[in-house]
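J.: Before anything else, here's the structure in question.
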Amino acid sequence: MWELFIHPSNLFFSVSLALMLLLGIVECLMLIAGASSQGFLDQFVPDSLFDASHPDFNIDADQSIWVQLLDWLYLGRIPVLIWFIIFLTTYALFGFITQGIFFHFTESYFPLWIIAPAALFLCMPIVRIVSAGIAKILPKDETTAIHSNELIGLTAEIILGEAKQNYPAQAKVKDHFGLTHYVMVEPETEIIFTQGQSVI
């Protein structure tokens with residue numbers, strides 16, 4: 001078993017596994033010290049990737065293939081450090097298992113220049129599947145922030161002043177989260193809304 005790890009044909013897989021373990025140790029030490037390398041790794045990912053799920057996101061023609069590939073690999077949907085650990089682990093295990101099976105039947109290993117790029121290419125679907133699984137169980141960022149257009153159609157109460165054309169008054173309205181917003185309202189017609197009156 002040890003020969004599998006130290007054989008020159010498996011150099012890339014051994015380095016990947018060692019790097020993964022080293023990353024885990026460093027991250028644990030940094031967490032104990034009250035820091036994290038997560039922000040450092042995020043700078044190497046295109047900013048546009050984090051906005052890929054936004055409805056207004058528009059991919060440039062030059063970046064589309066690259067960004068779509070990274071998005072397909074779930075890079076940006078989960079923290080970069082976690083994705084990198086998944087990648088290193090998957091790449092190393094895929095290479096070791098492939099080399100182990102091949103050695104079992106042939107008593108030799110694939111040459112490094114063949115197995116290293118082949119494993120890199122073939123392990124990517126596995127990286128995607130594992131990353132997708134992790135993305136489902138990781139807590140998501142949640143927000144109660146809403147756009148002002150989402151308040152249209154809700155009932156508000158005039159709390160300060162009188163609302164008439166060109167003279168808005170302050171009103172309060174509750175959104176679907178139950179949070180109170182203070183807005184300025186103004187009638188579209190020559191109607192006057194007085195304090196305490198409910199308006200749509």
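Within each chain, counting starts at residue 1; across the structure tokens, chains are named A, B, ... in the order shown, with ligands numbered 1 upward in that order.
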Going by DSSP on the backbone, which residues of stretch 49-186 of chain A come out as strand (DSSP E)? List them as a ChimeraX atom specification.

T.: /A:156-160,169-174,180-185

J.: Please produce a file of the residues just selected, as a compact mmCIF listing (two decimals), in the first residue's frame, where the atoms kept are C-alpha atoms.

T.:
# COMPACT_ATOMS: atom_id res chain seq x y z
CA ALA A 156 -50.04 51.26 4.15
CA GLU A 157 -51.11 53.68 6.87
CA ILE A 158 -50.48 57.42 6.65
CA ILE A 159 -48.59 58.39 9.81
CA LEU A 160 -47.31 61.88 9.08
CA ALA A 169 -46.80 62.06 3.14
CA GLN A 170 -45.03 59.46 5.23
CA ALA A 171 -46.67 56.07 5.60
CA LYS A 172 -45.75 52.74 7.13
CA VAL A 173 -46.32 49.38 5.53
CA LYS A 174 -45.51 45.79 6.53
CA THR A 180 -42.22 47.61 8.81
CA HIS A 181 -41.07 50.02 6.11
CA TYR A 182 -41.51 53.78 6.12
CA VAL A 183 -42.25 55.16 2.68
CA MET A 184 -43.46 58.36 1.08
CA VAL A 185 -46.82 58.06 -0.68

J.: Return as a ChimeraX atom specification the full set of residues in stretch 55-164 of chain A whose backbone-based DSSP assignment is helix (DSSP H, G or I).

T.: /A:64-72,80-106,112-122,124-137,148-151

J.: How would the residues just picked look written out with C-alpha atoms as a tab-separated table (two decimals), in the first residue's frame?

T.:
chain	number	residue	atom	x	y	z
A	64	SER	CA	-18.66	32.59	-21.22
A	65	ILE	CA	-16.99	29.19	-21.64
A	66	TRP	CA	-14.59	29.71	-18.75
A	67	VAL	CA	-17.26	31.04	-16.36
A	68	GLN	CA	-19.79	28.40	-17.42
A	69	LEU	CA	-17.23	25.65	-16.80
A	70	LEU	CA	-16.46	26.97	-13.31
A	71	ASP	CA	-20.16	27.35	-12.60
A	72	TRP	CA	-20.77	23.78	-13.81
A	80	VAL	CA	-13.63	28.10	-2.55
A	81	LEU	CA	-11.66	26.40	0.24
A	82	ILE	CA	-14.22	23.60	0.51
A	83	TRP	CA	-14.30	23.19	-3.27
A	84	PHE	CA	-10.50	23.04	-3.42
A	85	ILE	CA	-10.38	20.36	-0.71
A	86	ILE	CA	-13.05	18.36	-2.58
A	87	PHE	CA	-11.04	18.68	-5.80
A	88	LEU	CA	-7.71	17.64	-4.24
A	89	THR	CA	-9.28	14.69	-2.44
A	90	THR	CA	-11.23	13.49	-5.48
A	91	TYR	CA	-8.24	13.85	-7.80
A	92	ALA	CA	-5.93	11.97	-5.44
A	93	LEU	CA	-8.37	9.14	-4.68
A	94	PHE	CA	-9.38	8.76	-8.33
A	95	GLY	CA	-5.73	8.49	-9.34
A	96	PHE	CA	-4.79	6.06	-6.59
A	97	ILE	CA	-7.80	3.82	-7.24
A	98	THR	CA	-7.15	3.80	-10.99
A	99	GLN	CA	-3.47	3.02	-10.50
A	100	GLY	CA	-4.30	0.35	-7.91
A	101	ILE	CA	-6.74	-1.42	-10.23
A	102	PHE	CA	-4.34	-1.22	-13.16
A	103	PHE	CA	-1.48	-2.56	-11.01
A	104	HIS	CA	-3.66	-5.43	-9.80
A	105	PHE	CA	-4.09	-6.69	-13.37
A	106	THR	CA	-0.76	-5.74	-14.97
A	112	LEU	CA	2.73	9.82	-14.87
A	113	TRP	CA	2.39	11.85	-18.07
A	114	ILE	CA	-0.68	9.78	-19.05
A	115	ILE	CA	-2.49	9.24	-15.75
A	116	ALA	CA	-2.07	12.74	-14.28
A	117	PRO	CA	-3.95	14.68	-17.02
A	118	ALA	CA	-6.37	11.80	-17.63
A	119	ALA	CA	-7.33	11.67	-13.96
A	120	LEU	CA	-7.68	15.45	-13.89
A	121	PHE	CA	-10.15	15.33	-16.77
A	122	LEU	CA	-12.06	12.24	-15.64
A	124	MET	CA	-14.23	16.53	-12.79
A	125	PRO	CA	-17.75	15.01	-13.04
A	126	ILE	CA	-17.15	13.43	-9.62
A	127	VAL	CA	-15.99	16.79	-8.25
A	128	ARG	CA	-19.20	18.32	-9.59
A	129	ILE	CA	-21.42	15.64	-8.02
A	130	VAL	CA	-19.72	15.92	-4.62
A	131	SER	CA	-19.80	19.74	-4.75
A	132	ALA	CA	-23.50	19.67	-5.63
A	133	GLY	CA	-24.15	17.41	-2.64
A	134	ILE	CA	-22.19	19.70	-0.34
A	135	ALA	CA	-24.00	22.77	-1.72
A	136	LYS	CA	-27.34	21.23	-0.72
A	137	ILE	CA	-26.36	20.71	2.91
A	148	SER	CA	-39.35	48.75	-3.09
A	149	ASN	CA	-41.46	47.45	-6.00
A	150	GLU	CA	-42.47	44.49	-3.81
A	151	LEU	CA	-44.41	46.89	-1.58

J.: What's the separation between atom CA of A:Pro139 and atom CA of A:Pro79, in Å to one decimal place?

T.: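 That distance, rounded to one decimal, is 11.2 Å.
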
J.: Quick one: pull the distance between atom CA of A:Trp2 and atom CA of A:Glu107, Å, one decimal.

T.: 15.2 Å

J.: What is the distance between atom CA of A:His176 and atom CA of A:Ile200, in Å to one decimal?

T.: 14.8 Å

J.: Identify which of the residues A:Ile192, A:Ile6, A:Ile78, A:Leu154 lies closest to A:Tyr167, counting only C-alpha atoms when measuring atom-to-atom distances.

T.: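 Using only C-alpha atoms, the shortest distance to A:Tyr167 belongs to A:Ile192.
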